[in-house]
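Pasting input_13.cif here (mmCIF, C-alpha atoms):
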data_entry
#
loop_
_atom_site.label_atom_id
_atom_site.label_comp_id
_atom_site.auth_asym_id
_atom_site.auth_seq_id
_atom_site.Cartn_x
_atom_site.Cartn_y
_atom_site.Cartn_z
CA MET A 1 0.00 0.00 0.00
CA LYS A 2 1.38 3.43 -0.94
CA ILE A 3 1.23 6.51 1.28
CA ASN A 4 -0.81 8.45 -1.26
CA GLN A 5 -3.53 5.85 -0.99
CA LEU A 6 -4.01 6.47 2.71
CA ASN A 7 -5.94 9.73 2.60
CA SER A 8 -9.27 8.19 1.72
CA ARG A 9 -12.08 9.46 3.91
CA ARG A 10 -13.90 6.24 3.20
CA ASP A 11 -10.97 4.33 4.71
CA PHE A 12 -10.99 6.68 7.70
CA LEU A 13 -14.65 6.08 8.45
CA GLY A 14 -14.28 2.38 7.77
CA THR A 15 -11.46 2.21 10.29
CA LEU A 16 -13.54 3.95 12.93
CA VAL A 17 -16.46 1.61 12.42
CA LEU A 18 -14.76 -1.69 11.70
CA GLY A 19 -11.14 -1.22 12.72
CA ALA A 20 -10.19 -2.31 9.22
CA ALA A 21 -6.79 -0.63 9.11
CA VAL A 22 -5.19 -2.82 11.78
CA GLY A 23 -7.72 -5.49 12.52
CA SER A 24 -9.66 -3.86 15.35
CA ILE A 25 -10.32 -0.39 16.74
CA SER A 26 -8.54 -1.34 19.97
CA SER A 27 -5.29 -1.76 18.06
CA VAL A 28 -5.76 1.62 16.36
CA ILE A 29 -6.33 3.62 19.52
CA ALA A 30 -3.05 3.72 21.40
CA SER A 31 -2.79 5.01 24.95
CA PRO A 32 -2.44 8.82 24.85
CA ARG A 33 -0.19 8.81 27.91
CA ASP A 34 2.42 6.25 26.98
CA GLU A 35 5.49 6.22 29.23
CA LYS A 36 7.72 6.94 26.23
CA PHE A 37 6.35 10.48 25.91
CA SER A 38 8.73 13.31 26.70
CA ALA A 39 7.94 16.06 29.19
CA SER A 40 7.04 18.44 26.37
CA THR A 41 4.64 15.90 24.92
CA LYS A 42 2.97 15.40 28.28
CA ALA A 43 2.45 19.18 28.40
CA ASN A 44 0.60 18.94 25.09
CA LEU A 45 -1.56 16.21 26.62
CA SER A 46 -2.45 18.27 29.68
CA ASP A 47 -6.08 18.56 30.74
CA PRO A 48 -7.96 19.78 27.65
CA GLU A 49 -10.88 20.97 29.79
CA LYS A 50 -8.52 23.31 31.64
CA TRP A 51 -7.01 24.44 28.33
CA MET A 52 -10.48 25.51 27.18
CA GLU A 53 -10.60 27.94 30.12
CA LYS A 54 -8.08 30.12 28.25
CA ILE A 55 -10.91 31.29 25.99
CA LYS A 56 -11.37 34.97 26.75
CA GLY A 57 -12.80 38.25 25.53
CA SER A 58 -16.03 39.54 24.05
CA HIS A 59 -15.35 38.17 20.58
CA ARG A 60 -14.95 34.39 20.48
CA ILE A 61 -14.87 32.11 17.46
CA VAL A 62 -13.90 28.53 16.70
CA PHE A 63 -12.81 27.48 13.22
CA ASP A 64 -13.51 23.91 12.15
CA GLY A 65 -10.40 22.87 10.23
CA SER A 66 -11.34 19.45 8.88
CA THR A 67 -9.21 19.75 5.74
CA PRO A 68 -5.99 21.66 5.00
CA TYR A 69 -7.76 23.46 2.12
CA ASN A 70 -5.18 26.02 0.94
CA SER A 71 -4.20 26.76 4.57
CA PHE A 72 -7.57 28.37 5.32
CA PRO A 73 -7.92 26.87 8.82
CA VAL A 74 -5.01 29.19 9.71
CA ILE A 75 -5.80 32.06 7.34
CA TRP A 76 -9.32 32.56 8.70
CA ASN A 77 -7.93 32.69 12.24
CA TRP A 78 -5.62 35.52 11.17
CA ALA A 79 -8.46 37.27 9.29
CA PHE A 80 -10.58 37.27 12.45
CA TYR A 81 -7.85 39.10 14.37
CA LEU A 82 -7.13 41.48 11.48
CA THR A 83 -10.69 42.61 10.92
CA ASN A 84 -11.53 42.88 14.61
CA ASN A 85 -8.45 45.06 15.05
CA GLN A 86 -9.62 47.20 12.12
CA THR A 87 -12.91 47.81 13.93
CA GLY A 88 -11.16 48.87 17.13
CA VAL A 89 -11.04 45.58 19.05
CA PRO A 90 -7.66 44.76 20.66
CA ASP A 91 -6.20 41.25 20.65
CA GLU A 92 -6.84 41.03 24.40
CA ASP A 93 -10.61 41.03 23.78
CA ILE A 94 -10.47 38.29 21.12
CA THR A 95 -10.20 34.51 21.07
CA ALA A 96 -9.89 32.71 17.75
CA MET A 97 -9.50 28.96 18.07
CA THR A 98 -8.68 26.59 15.21
CA VAL A 99 -9.49 22.91 15.62
CA LEU A 100 -7.24 20.82 13.36
CA ARG A 101 -8.97 17.51 12.76
CA HIS A 102 -9.39 14.80 10.14
CA ASP A 103 -7.31 15.64 7.01
CA ALA A 104 -5.93 18.87 8.57
CA ILE A 105 -3.92 17.26 11.37
CA PRO A 106 -0.57 17.61 9.54
CA LEU A 107 -0.83 21.38 10.10
CA ALA A 108 -0.16 20.65 13.79
CA LEU A 109 3.02 18.64 13.17
CA GLU A 110 6.67 19.61 12.89
CA ASP A 111 8.78 19.36 9.74
CA ARG A 112 10.50 16.18 10.95
CA ILE A 113 7.21 14.28 10.83
CA TRP A 114 6.28 15.75 7.44
CA GLU A 115 9.55 14.58 5.90
CA LYS A 116 9.77 11.21 7.63
CA TYR A 117 6.21 10.12 6.80
CA LYS A 118 5.73 12.05 3.53
CA LEU A 119 2.68 13.83 4.89
CA GLY A 120 2.36 16.09 1.87
CA GLU A 121 1.89 13.05 -0.33
CA MET A 122 -0.30 11.26 2.17
CA PHE A 123 -2.69 14.18 2.69
CA LYS A 124 -2.31 15.77 -0.76
CA ILE A 125 -0.79 19.01 0.54
CA ASP A 126 1.51 20.84 -1.86
CA ASP A 127 4.40 23.20 -1.16
CA ASN A 128 3.36 26.34 -3.06
CA ILE A 129 6.98 27.37 -3.53
CA LYS A 130 8.32 24.05 -4.83
CA LYS A 131 5.08 23.07 -6.60
CA ALA A 132 5.34 19.54 -5.24
CA SER A 133 4.08 17.50 -2.31
CA SER A 134 5.20 19.32 0.80
CA LEU A 135 7.94 17.92 3.02
CA ARG A 136 7.48 20.64 5.65
CA ASN A 137 4.84 22.49 7.64
CA THR A 138 4.21 25.68 5.66
CA VAL A 139 1.75 27.30 8.09
CA TYR A 140 3.63 27.32 11.41
CA GLU A 141 6.37 29.79 10.45
CA PRO A 142 5.49 30.49 6.80
CA LYS A 143 7.99 31.69 4.22
CA ASP A 144 7.24 34.25 1.52
CA GLY A 145 5.05 32.48 -0.99
CA ASP A 146 3.61 29.85 1.36
CA PHE A 147 0.34 31.76 1.77
CA PRO A 148 -1.65 33.16 -1.18
CA LEU A 149 -1.04 36.74 0.05
CA PRO A 150 1.88 38.33 1.92
CA GLY A 151 1.57 39.47 5.51
CA ILE A 152 -0.55 36.60 6.84
CA ASP A 153 0.47 35.35 10.27
CA GLY A 154 1.32 31.68 10.72
CA ILE A 155 0.38 29.57 13.71
CA LYS A 156 3.34 30.64 15.86
CA ALA A 157 2.70 34.36 15.39
CA LEU A 158 -1.01 33.89 15.99
CA GLN A 159 -0.33 31.99 19.21
CA GLU A 160 1.72 34.96 20.38
CA ARG A 161 -1.41 37.10 19.86
CA GLY A 162 -3.56 34.75 21.91
CA ALA A 163 -4.96 32.46 19.22
CA MET A 164 -5.59 28.86 20.24
CA PHE A 165 -4.85 25.76 18.18
CA CYS A 166 -5.62 22.15 18.97
CA VAL A 167 -5.36 18.82 17.17
CA CYS A 168 -7.57 15.75 17.20
CA ASP A 169 -6.03 12.78 19.04
CA LEU A 170 -8.46 10.35 17.45
CA ALA A 171 -7.27 11.37 13.98
CA LEU A 172 -3.63 11.17 15.09
CA ASN A 173 -4.29 7.60 16.16
CA VAL A 174 -6.07 6.56 12.98
CA PHE A 175 -3.86 8.22 10.38
CA SER A 176 -0.63 7.26 12.13
CA SER A 177 -1.85 3.66 12.01
CA PHE A 178 -2.32 4.01 8.24
CA ALA A 179 1.24 5.31 7.92
CA ALA A 180 2.54 2.50 10.13
CA LYS A 181 0.83 -0.14 8.02
CA ALA A 182 2.18 1.32 4.79
CA MET A 183 5.73 1.46 6.19
CA GLU A 184 5.48 -1.89 7.99
CA LYS A 185 6.11 -0.29 11.37
CA ASP A 186 4.52 -0.72 14.78
CA ALA A 187 1.35 1.39 15.01
CA LYS A 188 1.91 2.45 18.62
CA GLU A 189 5.49 3.47 17.89
CA VAL A 190 4.43 5.65 14.96
CA TYR A 191 1.58 7.19 16.96
CA ASN A 192 4.01 8.08 19.75
CA ASP A 193 6.33 9.64 17.17
CA TRP A 194 3.55 11.77 15.73
CA VAL A 195 2.49 12.94 19.18
CA SER A 196 6.09 13.85 19.99
CA GLY A 197 6.04 15.98 16.82
CA VAL A 198 3.03 18.12 17.75
CA LEU A 199 4.20 21.73 17.60
CA PRO A 200 4.65 23.85 20.75
CA GLY A 201 1.49 25.29 22.22
CA ILE A 202 -0.87 23.13 20.17
CA GLN A 203 -3.16 21.23 22.52
CA ILE A 204 -3.99 17.60 21.86
CA VAL A 205 -7.72 17.07 22.44
CA PRO A 206 -9.68 13.80 22.61
CA SER A 207 -11.26 14.53 19.24
CA GLY A 208 -11.86 17.48 16.99
CA VAL A 209 -15.60 17.28 17.40
CA TRP A 210 -15.13 17.20 21.19
CA ALA A 211 -13.17 20.46 20.95
CA LEU A 212 -15.73 22.10 18.68
CA GLY A 213 -18.46 21.28 21.15
CA ARG A 214 -16.50 22.48 24.17
CA ALA A 215 -15.52 25.74 22.44
CA GLN A 216 -19.15 26.52 21.70
CA GLU A 217 -20.06 25.74 25.31
CA HIS A 218 -17.49 28.42 26.22
CA GLY A 219 -19.26 31.00 24.06
CA CYS A 220 -17.44 30.62 20.74
CA GLY A 221 -19.31 31.05 17.50
CA TYR A 222 -18.72 28.34 14.88
CA ILE A 223 -17.24 28.77 11.39
CA TYR A 224 -16.39 25.95 9.03
CA ALA A 225 -12.88 26.50 7.66
CA GLY A 226 -12.19 23.30 5.80
CA GLY A 227 -12.92 24.29 2.23
#
Represent the structure from my file as structure tokens, please.
Amino acid sequence: MKINQLNSRRDFLGTLVLGAAVGSISSVIASPRDEKFSASTKANLSDPEKWMEKIKGSHRIVFDGSTPYNSFPVIWNWAFYLTNNQTGVPDEDITAMTVLRHDAIPLALEDRIWEKYKLGEMFKIDDNIKKASSLRNTVYEPKDGDFPLPGIDGIKALQERGAMFCVCDLALNVFSSFAAKAMEKDAKEVYNDWVSGVLPGIQIVPSGVWALGRAQEHGCGYIYAGG
């Protein structure tokens, strides 16, 4: 099985229902607190309920990033800050949260994981500069040309302004198991590697839909940002 065959949504849903990727759902879902995790990884896996308490301000929004669609799960987050600032609202009175789930989870991972597991090929994400499947995360600290327009903040710069980003643990489990199967590696080992590659400040949540629900319970409006 080739990596570029692993991005099928039908396969994803089939795995959730039948555990088809590795025989059973129990073998797909690895323990999220494995002893191999580093201290920084454990910080990413801290209490997601407590993390939600960081939501602040009068203007609260959650973006549903279910696909990487031209980097829009990040671009719309930036646009929310930009246009609120233009209408006189300071960053301190704003929370924009992006939930990276399903096909958008690579946007939460460091370059090492992109290159090692060929995530650009797996998730059909191109490097706009090289015009080929991306071997790096182009939205965390973007270079000129990564975004369709200049001046758009990446994830790191948005975090510094108070934006919140999280990634779906369920999708990390499932897609890492696909990668493990294609590369003939141990599924738990690959999952642990992916979790260790979650970028600083990005919270791992039980699932993307869990996070979307919790954000709305904390007063966030909902916007679909997946294409």
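Residues lying within 9 Å of (-9.2, 35.3, 17.3). Counted over all atoms listed in the file, they are His59, Arg60, Ile61, Val62, Asn77, Trp78, Ala79, Phe80, Tyr81, Leu82, Asn84, Asp91, Asp93, Ile94, Thr95, Ala96, Met97, Thr98, Leu158, Arg161, Gly162, Ala163 and Met164 of chain A.
Each of A:Ala180, A:Leu149, A:Met52, A:Val74 was compared to A:Gln203 using all atoms listed in the file, and A:Met52 turns out to be the nearest.
Atom to atom, atom CA of A:Lys131 and atom CA of A:Trp76 stand 23.1 Å apart.
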Between atom CA of A:Ala157 and atom CA of A:Gly219, distance in Å (one decimal): 23.8 Å
Counting only C-alpha atoms, the option among A:Gly65, A:Pro90, A:Gly145, A:Gly197 closest to A:Leu109: A:Gly197
Distance of atom CA of A:Glu110 from atom CA of A:Pro150, expressed in Å to one decimal place: 22.2 Å
Protein, DNA and RNA residues within 12 Å of (-14.9, 20.9, 1.2), all atoms listed in the file, as a tab-separated table (two decimals) with C-alpha atoms, in the frame of the given file:
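Wrote part-v3.tsv, looks like this:
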chain	number	residue	atom	x	y	z
A	64	ASP	CA	-13.51	23.91	12.15
A	65	GLY	CA	-10.40	22.87	10.23
A	66	SER	CA	-11.34	19.45	8.88
A	67	THR	CA	-9.21	19.75	5.74
A	68	PRO	CA	-5.99	21.66	5.00
A	69	TYR	CA	-7.76	23.46	2.12
A	70	ASN	CA	-5.18	26.02	0.94
A	72	PHE	CA	-7.57	28.37	5.32
A	73	PRO	CA	-7.92	26.87	8.82
A	103	ASP	CA	-7.31	15.64	7.01
A	104	ALA	CA	-5.93	18.87	8.57
A	224	TYR	CA	-16.39	25.95	9.03
A	225	ALA	CA	-12.88	26.50	7.66
A	226	GLY	CA	-12.19	23.30	5.80
A	227	GLY	CA	-12.92	24.29	2.23
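Proximity to A:Val174 was assessed for A:Val209, A:Ile105, A:Ile113, A:Ile202 counting only C-alpha atoms; the smallest distance is recorded for A:Ile105.
Proximity to A:Leu100 was assessed for A:Lys181, A:Phe63, A:Ser46, A:Tyr140 counting all atoms listed in the file; the smallest distance is recorded for A:Phe63.
Among the candidates A:Ile75, A:Gly213, A:Gly57, A:Cys220, the residue lying nearest to A:Gly151 is A:Ile75 (atoms considered: only C-alpha atoms).
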What lies within 8 Å of A:Leu135 using all atoms listed in the file, ignoring chain neighbours under 2 positions off, as a PDB file with C-alpha atoms, keeping the file's coordinate frame?
ATOM      1  CA  ASP A 111       8.780  19.360   9.740  1.00  0.00           C
ATOM      2  CA  TRP A 114       6.280  15.750   7.440  1.00  0.00           C
ATOM      3  CA  GLU A 115       9.550  14.580   5.900  1.00  0.00           C
ATOM      4  CA  LYS A 118       5.730  12.050   3.530  1.00  0.00           C
ATOM      5  CA  LEU A 119       2.680  13.830   4.890  1.00  0.00           C
ATOM      6  CA  GLY A 120       2.360  16.090   1.870  1.00  0.00           C
ATOM      7  CA  ASP A 127       4.400  23.200  -1.160  1.00  0.00           C
ATOM      8  CA  SER A 133       4.080  17.500  -2.310  1.00  0.00           C
ATOM      9  CA  ASN A 137       4.840  22.490   7.640  1.00  0.00           C
TER      10      ASN A 137
END
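With all atoms listed in the file as the atoms that count, the minimum distance from A:Trp210 to the choices A:Leu170, A:Val195, A:Ile152, A:Ala179 is reached by A:Leu170.
Against the coordinates shown, the PyMOL selection byres ((chain A and resi 139) around 8) returns Ser71, Val74, Leu107, Asn137, Thr138, Tyr140, Glu141, Pro142, Asp146, Phe147, Gly154 and Ile155 of chain A.
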Residues returned when the PyMOL selection byres ((chain A and resi 207) around 8) runs on this file, as a ChimeraX atom specification: /A:101,167-171,205-206,208-211
Filtering to C-alpha atoms, could you give me those residues as a compact mmCIF listing (two decimals), in the frame of the given file?
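Final output, saved to selection.txt:
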# COMPACT_ATOMS: atom_id res chain seq x y z
CA ARG A 101 -8.97 17.51 12.76
CA VAL A 167 -5.36 18.82 17.17
CA CYS A 168 -7.57 15.75 17.20
CA ASP A 169 -6.03 12.78 19.04
CA LEU A 170 -8.46 10.35 17.45
CA ALA A 171 -7.27 11.37 13.98
CA VAL A 205 -7.72 17.07 22.44
CA PRO A 206 -9.68 13.80 22.61
CA GLY A 208 -11.86 17.48 16.99
CA VAL A 209 -15.60 17.28 17.40
CA TRP A 210 -15.13 17.20 21.19
CA ALA A 211 -13.17 20.46 20.95
Atoms are missing here; could stretch 114-137 of chain A be completed with N, CA and C atoms and written as a PDB file, keeping the file's coordinate frame?
ATOM      1  N   TRP A 114       6.663  15.578   8.845  1.00  0.00           N
ATOM      2  CA  TRP A 114       6.280  15.750   7.440  1.00  0.00           C
ATOM      3  C   TRP A 114       7.258  15.020   6.518  1.00  0.00           C
ATOM      4  N   GLU A 115       8.540  15.184   6.779  1.00  0.00           N
ATOM      5  CA  GLU A 115       9.550  14.580   5.900  1.00  0.00           C
ATOM      6  C   GLU A 115       9.626  13.071   6.089  1.00  0.00           C
ATOM      7  N   LYS A 116       9.599  12.635   7.331  1.00  0.00           N
ATOM      8  CA  LYS A 116       9.770  11.210   7.630  1.00  0.00           C
ATOM      9  C   LYS A 116       8.616  10.372   7.085  1.00  0.00           C
ATOM     10  N   TYR A 117       7.389  10.898   7.186  1.00  0.00           N
ATOM     11  CA  TYR A 117       6.210  10.120   6.800  1.00  0.00           C
ATOM     12  C   TYR A 117       5.564  10.606   5.498  1.00  0.00           C
ATOM     13  N   LYS A 118       6.231  11.528   4.815  1.00  0.00           N
ATOM     14  CA  LYS A 118       5.730  12.050   3.530  1.00  0.00           C
ATOM     15  C   LYS A 118       4.275  12.506   3.650  1.00  0.00           C
ATOM     16  N   LEU A 119       4.044  13.402   4.615  1.00  0.00           N
ATOM     17  CA  LEU A 119       2.680  13.830   4.890  1.00  0.00           C
ATOM     18  C   LEU A 119       2.069  14.619   3.737  1.00  0.00           C
ATOM     19  N   GLY A 120       2.891  15.353   3.011  1.00  0.00           N
ATOM     20  CA  GLY A 120       2.360  16.090   1.870  1.00  0.00           C
ATOM     21  C   GLY A 120       1.731  15.157   0.847  1.00  0.00           C
ATOM     22  N   GLU A 121       2.411  14.049   0.594  1.00  0.00           N
ATOM     23  CA  GLU A 121       1.890  13.050  -0.330  1.00  0.00           C
ATOM     24  C   GLU A 121       0.681  12.342   0.255  1.00  0.00           C
ATOM     25  N   MET A 122       0.770  12.002   1.521  1.00  0.00           N
ATOM     26  CA  MET A 122      -0.300  11.260   2.170  1.00  0.00           C
ATOM     27  C   MET A 122      -1.604  12.043   2.225  1.00  0.00           C
ATOM     28  N   PHE A 123      -1.496  13.353   2.524  1.00  0.00           N
ATOM     29  CA  PHE A 123      -2.690  14.180   2.690  1.00  0.00           C
ATOM     30  C   PHE A 123      -2.949  15.119   1.500  1.00  0.00           C
ATOM     31  N   LYS A 124      -2.163  14.951   0.449  1.00  0.00           N
ATOM     32  CA  LYS A 124      -2.310  15.770  -0.760  1.00  0.00           C
ATOM     33  C   LYS A 124      -2.183  17.261  -0.445  1.00  0.00           C
ATOM     34  N   ILE A 125      -1.092  17.616   0.223  1.00  0.00           N
ATOM     35  CA  ILE A 125      -0.790  19.010   0.540  1.00  0.00           C
ATOM     36  C   ILE A 125       0.475  19.401  -0.207  1.00  0.00           C
ATOM     37  N   ASP A 126       0.374  20.410  -1.056  1.00  0.00           N
ATOM     38  CA  ASP A 126       1.510  20.840  -1.860  1.00  0.00           C
ATOM     39  C   ASP A 126       2.263  21.995  -1.215  1.00  0.00           C
ATOM     40  N   ASP A 127       3.555  22.064  -1.501  1.00  0.00           N
ATOM     41  CA  ASP A 127       4.400  23.200  -1.160  1.00  0.00           C
ATOM     42  C   ASP A 127       4.231  24.203  -2.301  1.00  0.00           C
ATOM     43  N   ASN A 128       3.639  25.365  -2.012  1.00  0.00           N
ATOM     44  CA  ASN A 128       3.360  26.340  -3.060  1.00  0.00           C
ATOM     45  C   ASN A 128       4.616  26.913  -3.700  1.00  0.00           C
ATOM     46  N   ILE A 129       5.723  26.845  -2.985  1.00  0.00           N
ATOM     47  CA  ILE A 129       6.980  27.370  -3.530  1.00  0.00           C
ATOM     48  C   ILE A 129       7.620  26.349  -4.460  1.00  0.00           C
ATOM     49  N   LYS A 130       7.679  25.094  -4.028  1.00  0.00           N
ATOM     50  CA  LYS A 130       8.320  24.050  -4.830  1.00  0.00           C
ATOM     51  C   LYS A 130       7.377  23.393  -5.838  1.00  0.00           C
ATOM     52  N   LYS A 131       6.077  23.660  -5.703  1.00  0.00           N
ATOM     53  CA  LYS A 131       5.080  23.070  -6.600  1.00  0.00           C
ATOM     54  C   LYS A 131       5.163  21.541  -6.598  1.00  0.00           C
ATOM     55  N   ALA A 132       5.263  21.001  -5.413  1.00  0.00           N
ATOM     56  CA  ALA A 132       5.340  19.540  -5.240  1.00  0.00           C
ATOM     57  C   ALA A 132       4.778  19.203  -3.864  1.00  0.00           C
ATOM     58  N   SER A 133       4.563  17.921  -3.618  1.00  0.00           N
ATOM     59  CA  SER A 133       4.080  17.500  -2.310  1.00  0.00           C
ATOM     60  C   SER A 133       4.992  18.032  -1.214  1.00  0.00           C
ATOM     61  N   SER A 134       4.411  18.645  -0.218  1.00  0.00           N
ATOM     62  CA  SER A 134       5.200  19.320   0.800  1.00  0.00           C
ATOM     63  C   SER A 134       5.915  18.343   1.723  1.00  0.00           C
ATOM     64  N   LEU A 135       7.148  18.681   2.058  1.00  0.00           N
ATOM     65  CA  LEU A 135       7.940  17.920   3.020  1.00  0.00           C
ATOM     66  C   LEU A 135       8.130  18.720   4.314  1.00  0.00           C
ATOM     67  N   ARG A 136       7.349  19.782   4.479  1.00  0.00           N
ATOM     68  CA  ARG A 136       7.480  20.640   5.650  1.00  0.00           C
ATOM     69  C   ARG A 136       6.133  21.270   5.980  1.00  0.00           C
ATOM     70  N   ASN A 137       6.024  21.758   7.205  1.00  0.00           N
ATOM     71  CA  ASN A 137       4.840  22.490   7.640  1.00  0.00           C
ATOM     72  C   ASN A 137       4.972  23.933   7.163  1.00  0.00           C
TER      73      ASN A 137
END
